[in-house]
Structures are given as C-alpha cells and as structure tokens.
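Heads up, data_33.cif below (mmCIF, C-alpha atoms and all ligand atoms; chains and numbers go by the auth columns):
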data_work
#
loop_
_atom_site.group_PDB
_atom_site.id
_atom_site.type_symbol
_atom_site.label_atom_id
_atom_site.label_comp_id
_atom_site.label_asym_id
_atom_site.label_seq_id
_atom_site.Cartn_x
_atom_site.Cartn_y
_atom_site.Cartn_z
_atom_site.B_iso_or_equiv
_atom_site.auth_seq_id
_atom_site.auth_asym_id
ATOM 1 C CA MET A 1 -43.330 203.648 70.454 0.00 317 A
ATOM 2 C CA PHE A 2 -46.998 204.387 69.755 0.00 318 A
ATOM 3 C CA LYS A 3 -46.559 202.822 66.311 0.00 319 A
ATOM 4 C CA VAL A 4 -45.248 199.577 67.875 0.00 320 A
ATOM 5 C CA PHE A 5 -48.267 199.375 70.227 0.00 321 A
ATOM 6 C CA ALA A 6 -50.633 200.059 67.351 0.00 322 A
ATOM 7 C CA MET A 7 -49.046 197.272 65.309 0.00 323 A
ATOM 8 C CA GLN A 8 -49.187 194.873 68.244 0.00 324 A
ATOM 9 C CA SER A 9 -52.847 195.551 68.939 0.00 325 A
ATOM 10 C CA LYS A 10 -53.677 195.172 65.241 0.00 326 A
ATOM 11 C CA GLN A 11 -51.964 191.793 65.257 0.00 327 A
ATOM 12 C CA GLU A 12 -53.775 190.759 68.467 0.00 328 A
ATOM 13 C CA ALA A 13 -57.089 191.734 66.898 0.00 329 A
ATOM 14 C CA ALA A 14 -56.310 189.670 63.795 0.00 330 A
ATOM 15 C CA ILE A 15 -55.396 186.633 65.939 0.00 331 A
ATOM 16 C CA GLU A 16 -58.623 187.010 67.904 0.00 332 A
ATOM 17 C CA GLU A 17 -60.642 187.218 64.700 0.00 333 A
ATOM 18 C CA ILE A 18 -59.139 183.931 63.500 0.00 334 A
ATOM 19 C CA ASN A 19 -59.439 182.334 66.944 0.00 335 A
ATOM 20 C CA ALA A 20 -63.140 183.198 67.061 0.00 336 A
ATOM 21 C CA LEU A 21 -63.712 180.853 64.110 0.00 337 A
ATOM 22 C CA LEU A 22 -62.101 177.875 65.873 0.00 338 A
ATOM 23 C CA PRO A 23 -64.163 175.421 67.958 0.00 339 A
ATOM 24 C CA GLN A 24 -62.281 176.096 71.237 0.00 340 A
ATOM 25 C CA THR A 25 -61.997 172.386 71.923 0.00 341 A
ATOM 26 C CA GLN A 26 -58.339 172.967 72.916 0.00 342 A
ATOM 27 C CA CYS A 27 -57.697 169.356 71.862 0.00 343 A
ATOM 28 C CA GLY A 28 -54.320 169.921 70.219 0.00 344 A
ATOM 29 C CA GLN A 29 -55.156 167.813 67.172 0.00 345 A
ATOM 30 C CA CYS A 30 -53.913 170.646 64.947 0.00 346 A
ATOM 31 C CA GLY A 31 -50.436 170.132 66.390 0.00 347 A
ATOM 32 C CA TYR A 32 -50.553 173.328 68.466 0.00 348 A
ATOM 33 C CA LEU A 33 -51.159 173.768 72.186 0.00 349 A
ATOM 34 C CA GLY A 34 -54.693 175.002 71.642 0.00 350 A
ATOM 35 C CA CYS A 35 -56.889 177.068 69.361 0.00 351 A
ATOM 36 C CA ARG A 36 -55.242 180.441 69.973 0.00 352 A
ATOM 37 C CA PRO A 37 -51.692 179.238 69.253 0.00 353 A
ATOM 38 C CA TYR A 38 -53.006 177.707 66.024 0.00 354 A
ATOM 39 C CA ALA A 39 -54.736 181.012 65.187 0.00 355 A
ATOM 40 C CA GLU A 40 -51.458 182.838 65.755 0.00 356 A
ATOM 41 C CA ALA A 41 -49.624 180.348 63.523 0.00 357 A
ATOM 42 C CA MET A 42 -52.178 180.843 60.734 0.00 358 A
ATOM 43 C CA LEU A 43 -51.586 184.565 60.844 0.00 359 A
ATOM 44 C CA ASN A 44 -47.936 183.690 60.204 0.00 360 A
ATOM 45 C CA GLY A 45 -48.698 181.444 57.249 0.00 361 A
ATOM 46 C CA GLU A 46 -49.694 178.058 58.738 0.00 362 A
ATOM 47 C CA LEU A 47 -52.207 176.047 56.674 0.00 363 A
ATOM 48 C CA THR A 48 -55.908 176.392 57.437 0.00 364 A
ATOM 49 C CA ASN A 49 -56.769 172.676 57.184 0.00 365 A
ATOM 50 C CA LEU A 50 -55.424 171.236 60.431 0.00 366 A
ATOM 51 C CA CYS A 51 -58.477 171.377 62.738 0.00 367 A
ATOM 52 C CA PRO A 52 -60.529 168.139 62.769 0.00 368 A
ATOM 53 C CA PRO A 53 -63.227 169.311 65.234 0.00 369 A
ATOM 54 C CA GLY A 54 -63.877 172.353 63.044 0.00 370 A
ATOM 55 C CA GLY A 55 -64.403 170.209 59.963 0.00 371 A
ATOM 56 C CA GLU A 56 -65.129 171.567 56.510 0.00 372 A
ATOM 57 C CA ILE A 57 -67.191 174.578 57.609 0.00 373 A
ATOM 58 C CA THR A 58 -64.396 175.984 59.774 0.00 374 A
ATOM 59 C CA GLY A 59 -61.832 175.224 57.072 0.00 375 A
ATOM 60 C CA ARG A 60 -63.868 177.213 54.553 0.00 376 A
ATOM 61 C CA ARG A 61 -64.399 180.132 56.937 0.00 377 A
ATOM 62 C CA LEU A 62 -60.683 180.284 57.772 0.00 378 A
ATOM 63 C CA ALA A 63 -59.700 180.210 54.107 0.00 379 A
ATOM 64 C CA ARG A 64 -62.166 183.015 53.347 0.00 380 A
ATOM 65 C CA LEU A 65 -60.958 185.174 56.239 0.00 381 A
ATOM 66 C CA LEU A 66 -57.303 184.681 55.307 0.00 382 A
ATOM 67 C CA ASN A 67 -57.996 185.104 51.615 0.00 383 A
ATOM 68 C CA GLU A 68 -56.676 181.660 50.734 0.00 384 A
ATOM 69 C CA ASN A 69 -57.986 178.718 48.756 0.00 385 A
ATOM 70 C CA TYR A 70 -60.006 176.168 50.729 0.00 386 A
ATOM 71 C CA LEU A 71 -58.045 172.976 51.452 0.00 387 A
ATOM 72 C CA PRO A 72 -59.752 169.755 52.606 0.00 388 A
ATOM 73 C CA LEU A 73 -58.766 168.566 56.078 0.00 389 A
ATOM 74 C CA ASN A 74 -55.222 167.191 56.232 0.00 390 A
ATOM 75 C CA PRO A 75 -55.699 163.365 56.456 0.00 391 A
ATOM 76 C CA ALA A 76 -52.980 162.996 59.100 0.00 392 A
ATOM 77 C CA HIS A 77 -55.091 165.136 61.434 0.00 393 A
ATOM 78 C CA ALA A 78 -58.347 163.455 60.384 0.00 394 A
ATOM 79 C CA THR A 79 -56.894 160.136 61.512 0.00 395 A
ATOM 80 C CA ALA A 80 -56.261 161.470 64.988 0.00 396 A
ATOM 81 C CA LEU A 81 -59.894 162.488 65.161 0.00 397 A
ATOM 82 C CA SER A 82 -61.233 159.067 64.283 0.00 398 A
ATOM 83 C CA LEU A 83 -59.117 157.106 66.734 0.00 399 A
ATOM 84 C CA SER A 84 -60.967 157.665 70.003 0.00 400 A
ATOM 85 C CA VAL A 85 -64.453 158.026 71.324 0.00 401 A
ATOM 86 C CA ALA A 86 -65.743 158.664 74.849 0.00 402 A
ATOM 87 C CA VAL A 87 -67.702 155.900 76.571 0.00 403 A
ATOM 88 C CA ILE A 88 -69.800 156.379 79.716 0.00 404 A
ATOM 89 C CA ARG A 89 -70.182 153.393 82.056 0.00 405 A
ATOM 90 C CA GLU A 90 -73.843 154.099 82.312 0.00 406 A
ATOM 91 C CA ALA A 91 -74.700 152.282 85.548 0.00 407 A
ATOM 92 C CA GLU A 92 -72.168 154.437 87.422 0.00 408 A
ATOM 93 C CA CYS A 93 -73.442 157.777 86.083 0.00 409 A
ATOM 94 C CA ILE A 94 -75.188 159.928 88.698 0.00 410 A
ATOM 95 C CA GLY A 95 -76.632 162.355 86.154 0.00 411 A
ATOM 96 C CA CYS A 96 -74.780 165.449 87.367 0.00 412 A
ATOM 97 C CA THR A 97 -74.596 166.937 83.791 0.00 413 A
ATOM 98 C CA LYS A 98 -70.979 168.148 84.269 0.00 414 A
ATOM 99 C CA CYS A 99 -69.849 166.249 81.168 0.00 415 A
ATOM 100 C CA ILE A 100 -72.550 167.906 79.049 0.00 416 A
ATOM 101 C CA GLN A 101 -71.354 171.317 80.128 0.00 417 A
ATOM 102 C CA ALA A 102 -67.759 170.422 79.226 0.00 418 A
ATOM 103 C CA CYS A 103 -68.445 168.908 75.813 0.00 419 A
ATOM 104 C CA PRO A 104 -67.729 171.345 72.960 0.00 420 A
ATOM 105 C CA THR A 105 -69.599 169.346 70.319 0.00 421 A
ATOM 106 C CA ASP A 106 -72.878 168.543 72.117 0.00 422 A
ATOM 107 C CA ALA A 107 -72.039 164.848 71.884 0.00 423 A
ATOM 108 C CA ILE A 108 -73.554 163.896 75.258 0.00 424 A
ATOM 109 C CA MET A 109 -77.227 163.210 75.852 0.00 425 A
ATOM 110 C CA GLY A 110 -78.918 163.137 79.212 0.00 426 A
ATOM 111 C CA ALA A 111 -80.929 165.125 81.711 0.00 427 A
ATOM 112 C CA SER A 112 -80.297 166.071 85.330 0.00 428 A
ATOM 113 C CA LYS A 113 -80.217 162.974 87.574 0.00 429 A
ATOM 114 C CA ARG A 114 -80.643 160.707 84.552 0.00 430 A
ATOM 115 C CA MET A 115 -78.107 158.451 82.928 0.00 431 A
ATOM 116 C CA HIS A 116 -75.977 160.120 80.232 0.00 432 A
ATOM 117 C CA SER A 117 -74.626 158.628 77.036 0.00 433 A
ATOM 118 C CA ILE A 118 -72.422 159.622 74.108 0.00 434 A
ATOM 119 C CA ILE A 119 -73.542 160.255 70.526 0.00 435 A
ATOM 120 C CA GLU A 120 -70.521 158.626 68.901 0.00 436 A
ATOM 121 C CA SER A 121 -70.834 160.395 65.561 0.00 437 A
ATOM 122 C CA GLU A 122 -70.582 163.795 67.323 0.00 438 A
ATOM 123 C CA CYS A 123 -67.689 162.882 69.651 0.00 439 A
ATOM 124 C CA ASN A 124 -64.243 164.022 68.490 0.00 440 A
ATOM 125 C CA GLY A 125 -62.295 162.248 71.227 0.00 441 A
ATOM 126 C CA CYS A 126 -61.069 165.506 72.773 0.00 442 A
ATOM 127 C CA ASP A 127 -61.382 164.056 76.341 0.00 443 A
ATOM 128 C CA LEU A 128 -62.665 167.319 77.854 0.00 444 A
ATOM 129 C CA CYS A 129 -65.574 165.478 79.512 0.00 445 A
ATOM 130 C CA ILE A 130 -63.381 163.069 81.464 0.00 446 A
ATOM 131 C CA GLU A 131 -61.820 165.278 84.118 0.00 447 A
ATOM 132 C CA PRO A 132 -65.087 166.980 85.230 0.00 448 A
ATOM 133 C CA CYS A 133 -66.874 163.663 85.933 0.00 449 A
ATOM 134 C CA PRO A 134 -67.077 163.339 89.742 0.00 450 A
ATOM 135 C CA VAL A 135 -67.467 159.550 89.692 0.00 451 A
ATOM 136 C CA ASP A 136 -64.864 158.908 86.997 0.00 452 A
ATOM 137 C CA CYS A 137 -67.221 156.882 84.827 0.00 453 A
ATOM 138 C CA ILE A 138 -66.100 158.210 81.407 0.00 454 A
ATOM 139 C CA GLU A 139 -63.224 156.723 79.468 0.00 455 A
ATOM 140 C CA LEU A 140 -61.769 157.129 75.994 0.00 456 A
ATOM 141 C CA ALA A 141 -61.796 153.972 73.910 0.00 457 A
ATOM 142 C CA PRO A 142 -60.790 153.037 70.361 0.00 458 A
ATOM 143 C CA ARG A 143 -63.573 154.151 68.027 0.00 459 A
ATOM 144 C CA ILE A 144 -63.440 151.043 65.869 0.00 460 A
ATOM 145 C CA ASP A 145 -63.844 148.700 68.829 0.00 461 A
ATOM 146 C CA GLN A 146 -67.665 148.739 68.706 0.00 462 A
ATOM 147 C CA ASP A 147 -68.413 145.448 70.492 0.00 463 A
ATOM 148 C CA ALA A 148 -65.883 146.136 73.230 0.00 464 A
ATOM 149 C CA ASN A 149 -67.361 149.620 73.659 0.00 465 A
ATOM 150 C CA LYS A 150 -70.838 148.156 74.212 0.00 466 A
ATOM 151 C CA MET A 151 -69.296 146.056 76.999 0.00 467 A
ATOM 152 C CA ARG A 152 -67.522 149.104 78.425 0.00 468 A
ATOM 153 C CA LYS A 153 -70.859 150.972 78.548 0.00 469 A
ATOM 154 C CA LEU A 154 -72.312 148.173 80.633 0.00 470 A
ATOM 155 C CA GLY A 155 -69.364 148.328 83.012 0.00 471 A
ATOM 156 C CA GLY A 156 -67.504 145.283 81.666 0.00 472 A
ATOM 157 C CA ARG A 157 -63.794 145.081 80.941 0.00 473 A
ATOM 158 C CA PRO A 158 -63.214 143.872 77.370 0.00 474 A
HETATM 159 S S1 LIG B . -57.573 171.080 66.456 0.00 501 A
HETATM 160 FE FE1 LIG B . -59.007 172.765 66.314 0.00 501 A
HETATM 161 S S2 LIG B . -60.190 172.660 68.195 0.00 501 A
HETATM 162 FE FE2 LIG B . -58.351 171.411 68.500 0.00 501 A
HETATM 163 S S3 LIG B . -56.865 172.856 69.456 0.00 501 A
HETATM 164 FE FE3 LIG B . -56.522 172.882 67.258 0.00 501 A
HETATM 165 S S4 LIG B . -57.747 174.595 66.535 0.00 501 A
HETATM 166 FE FE4 LIG B . -58.499 174.077 68.564 0.00 501 A
HETATM 167 S S1 LIG B . -64.524 163.291 74.271 0.00 502 A
HETATM 168 FE FE1 LIG B . -66.180 163.969 75.615 0.00 502 A
HETATM 169 S S2 LIG B . -66.068 166.202 75.557 0.00 502 A
HETATM 170 FE FE2 LIG B . -64.901 165.472 73.798 0.00 502 A
HETATM 171 S S3 LIG B . -66.377 165.436 72.141 0.00 502 A
HETATM 172 FE FE3 LIG B . -66.378 163.385 73.036 0.00 502 A
HETATM 173 S S4 LIG B . -68.051 163.434 74.505 0.00 502 A
HETATM 174 FE FE4 LIG B . -67.554 165.564 74.023 0.00 502 A
HETATM 175 S S1 LIG B . -70.081 163.853 84.503 0.00 503 A
HETATM 176 FE FE1 LIG B . -70.088 161.631 84.871 0.00 503 A
HETATM 177 S S2 LIG B . -71.626 161.336 86.461 0.00 503 A
HETATM 178 FE FE2 LIG B . -71.954 163.391 85.666 0.00 503 A
HETATM 179 S S3 LIG B . -73.515 163.106 84.065 0.00 503 A
HETATM 180 FE FE3 LIG B . -71.546 162.965 83.045 0.00 503 A
HETATM 181 S S4 LIG B . -71.057 160.783 83.039 0.00 503 A
HETATM 182 FE FE4 LIG B . -72.681 161.073 84.504 0.00 503 A
#

If you took the structure in this file and wrote it as structure tokens, what would it be?
Amino acid sequence: MFKVFAMQSKQEAAIEEINALLPQTQCGQCGYLGCRPYAEAMLNGELTNLCPPGGEITGRRLARLLNENYLPLNPAHATALSLSVAVIREAECIGCTKCIQACPTDAIMGASKRMHSIIESECNGCDLCIEPCPVDCIELAPRIDQDANKMRKLGGRP
C-alpha cells in the first residue's frame, strides 16, 4: 500500500513540475480543459507543442524537462490563438483595474480610475478579462478586423 502512495505522490509531483511551466491561462487552446490536464497528458506522452500562450519559450522548457526534442508550435493551435482579440469600449470603462488583474499576459494598459486599453500583440484571446469587468465593456472580436475593432473601441457597432 505504501508503495502505491509513494508512486502516486511521485506522479503528482511530476505533473506539478510540468504544470509550473505552463502559463496558467486555462484557455483550453491545447485541447485540454486547462493547464493541469495538459500537464498530466504530457506525462503520459502527449506532445509538448500544443500551448499557444506559452509560445516557443514554454515549448523549449517543456521539451527539456521531458527530455524530448523541441517541436515548433502545432499550427492548428496557433490558428486558434490568432483568431480573437479583446477590445475595450473605452468610453464605458470606469478604470476599476479588474481586467488587468485577470489578464495572464499583461496585455492591458491603464491605471486606477483611468481608461484601459488592450495591447493587441500581447493578447491571446483567452477571454479571462471579460467576466470580471463590472460594466461589461470588454468583448472578443476577430483579430483581423482592424477597422471594425477601432469602431468597437469607440463604442460603435460595425
Ligand atoms: S493552451 Fe496553454 S495556457 Fe491554455 S490551457 Fe492549455 S496549457 Fe494552459
Ligand atoms: S483576452 Fe483579455 S485576459 Fe486574455 S490575453 Fe487578451 S486582454 Fe488578456
Ligand atoms: S474591468 Fe472593465 S471597467 Fe474595469 S478597468 Fe477593465 S475594462 Fe475598465
């Protein structure tokens, strides 16, 4: 019995070690229900190149930890990343900073009681900033739709 517990805790420790390298965005773009399930799958042989928010650095760290060759990000998952971006309707923002606290990639600029806006190149479309916004002024929009997104920022409906 002791042996079984020892094996289980060794496995848990290995999963946690892998999980600690993941961005904790919990966005599901890897195809799993969050970072820890993906970490568990990698321990059981899943590929290390399925996490778009982690990018190349995470991919390299995972490969090193698991003693595997580095693989560039799987393009199917990279596409999911590039599809959406968050847009703040800036006139409605009350500057509460809740979105900044929720954003795992530091993609939101702003100070307390000041208007906030998104740094598009840093936003991975994970949508974690949307639910915490008390005035519901953040939406996800297609990343390629630049002109329409400028209108959205100003409160218009493209
Ligand atoms: S894609 Fe990366 S950040 Fe998103 S849930 Fe999977 S492991 Fe976590
Ligand atoms: S969707 Fe929101 S929380 Fe996610 S990266 Fe973009 S700005 Fe940050
Ligand atoms: S959570 Fe909403 S209201 Fe608060 S700062 Fe962010 S965008 Fe503005």

message: Which residues are near Leu337 (chain A)? Cut-off 9 Å, all atoms listed in the file, ignore same chain within fewer than 5 positions. Put them as a ChimeraX atom specification.
response: /A:332,370,374,377-378

task: Tell me which residues the PyMOL selection byres (((chain A and resi 356) around 12) and not hetatm) grabs here, as a count of residues only.
output: 27

Output check: residues returned by the PyMOL selection byres (((chain A and resi 426) around 10) and not hetatm), as a ChimeraX atom specification: /A:411-413,415-416,424-425,427-434

Given all atoms listed in the file, how would the per-residue table for chain A near ligand LIG 502 (chain A) read, listing every residue at most 7 Å away with its closest atom pair and distance in Å to one decimal, sorted by chain and number, as JSON lines?
{"residue": "A:Val401", "atom": "CA", "partner": "A:LIG502", "partner_atom": "FE3", "distance": 5.9}
{"residue": "A:Ala402", "atom": "CA", "partner": "A:LIG502", "partner_atom": "S1", "distance": 4.8}
{"residue": "A:Cys415", "atom": "CA", "partner": "A:LIG502", "partner_atom": "S2", "distance": 6.8}
{"residue": "A:Ala418", "atom": "CA", "partner": "A:LIG502", "partner_atom": "S2", "distance": 5.8}
{"residue": "A:Cys419", "atom": "CA", "partner": "A:LIG502", "partner_atom": "S2", "distance": 3.6}
{"residue": "A:Pro420", "atom": "CA", "partner": "A:LIG502", "partner_atom": "FE4", "distance": 5.9}
{"residue": "A:Thr421", "atom": "CA", "partner": "A:LIG502", "partner_atom": "S3", "distance": 5.4}
{"residue": "A:Asp422", "atom": "CA", "partner": "A:LIG502", "partner_atom": "FE4", "distance": 6.4}
{"residue": "A:Ala423", "atom": "CA", "partner": "A:LIG502", "partner_atom": "S4", "distance": 5.0}
{"residue": "A:Ile424", "atom": "CA", "partner": "A:LIG502", "partner_atom": "S4", "distance": 5.6}
{"residue": "A:Ile434", "atom": "CA", "partner": "A:LIG502", "partner_atom": "S4", "distance": 5.8}
{"residue": "A:Glu438", "atom": "CA", "partner": "A:LIG502", "partner_atom": "S3", "distance": 6.6}
{"residue": "A:Cys439", "atom": "CA", "partner": "A:LIG502", "partner_atom": "FE3", "distance": 3.7}
{"residue": "A:Asn440", "atom": "CA", "partner": "A:LIG502", "partner_atom": "S3", "distance": 4.5}
{"residue": "A:Gly441", "atom": "CA", "partner": "A:LIG502", "partner_atom": "S1", "distance": 3.9}
{"residue": "A:Cys442", "atom": "CA", "partner": "A:LIG502", "partner_atom": "FE2", "distance": 4.0}
{"residue": "A:Asp443", "atom": "CA", "partner": "A:LIG502", "partner_atom": "S1", "distance": 3.8}
{"residue": "A:Leu444", "atom": "CA", "partner": "A:LIG502", "partner_atom": "S2", "distance": 4.3}
{"residue": "A:Cys445", "atom": "CA", "partner": "A:LIG502", "partner_atom": "S2", "distance": 4.1}
{"residue": "A:Ile446", "atom": "CA", "partner": "A:LIG502", "partner_atom": "FE1", "distance": 6.5}
{"residue": "A:Leu456", "atom": "CA", "partner": "A:LIG502", "partner_atom": "S1", "distance": 7.0}

query: Quick one: residues within 12 Å of Asp461 (chain A), only C-alpha atoms counted, chain neighbours fewer than 6 positions away excluded, as a PyMOL selection string?
result: chain A and resi 398-403+436+467-468+474

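CA of Gln462 (chain A) is found 22.8 Å from atom FE2 of ligand LIG 503 (chain A).
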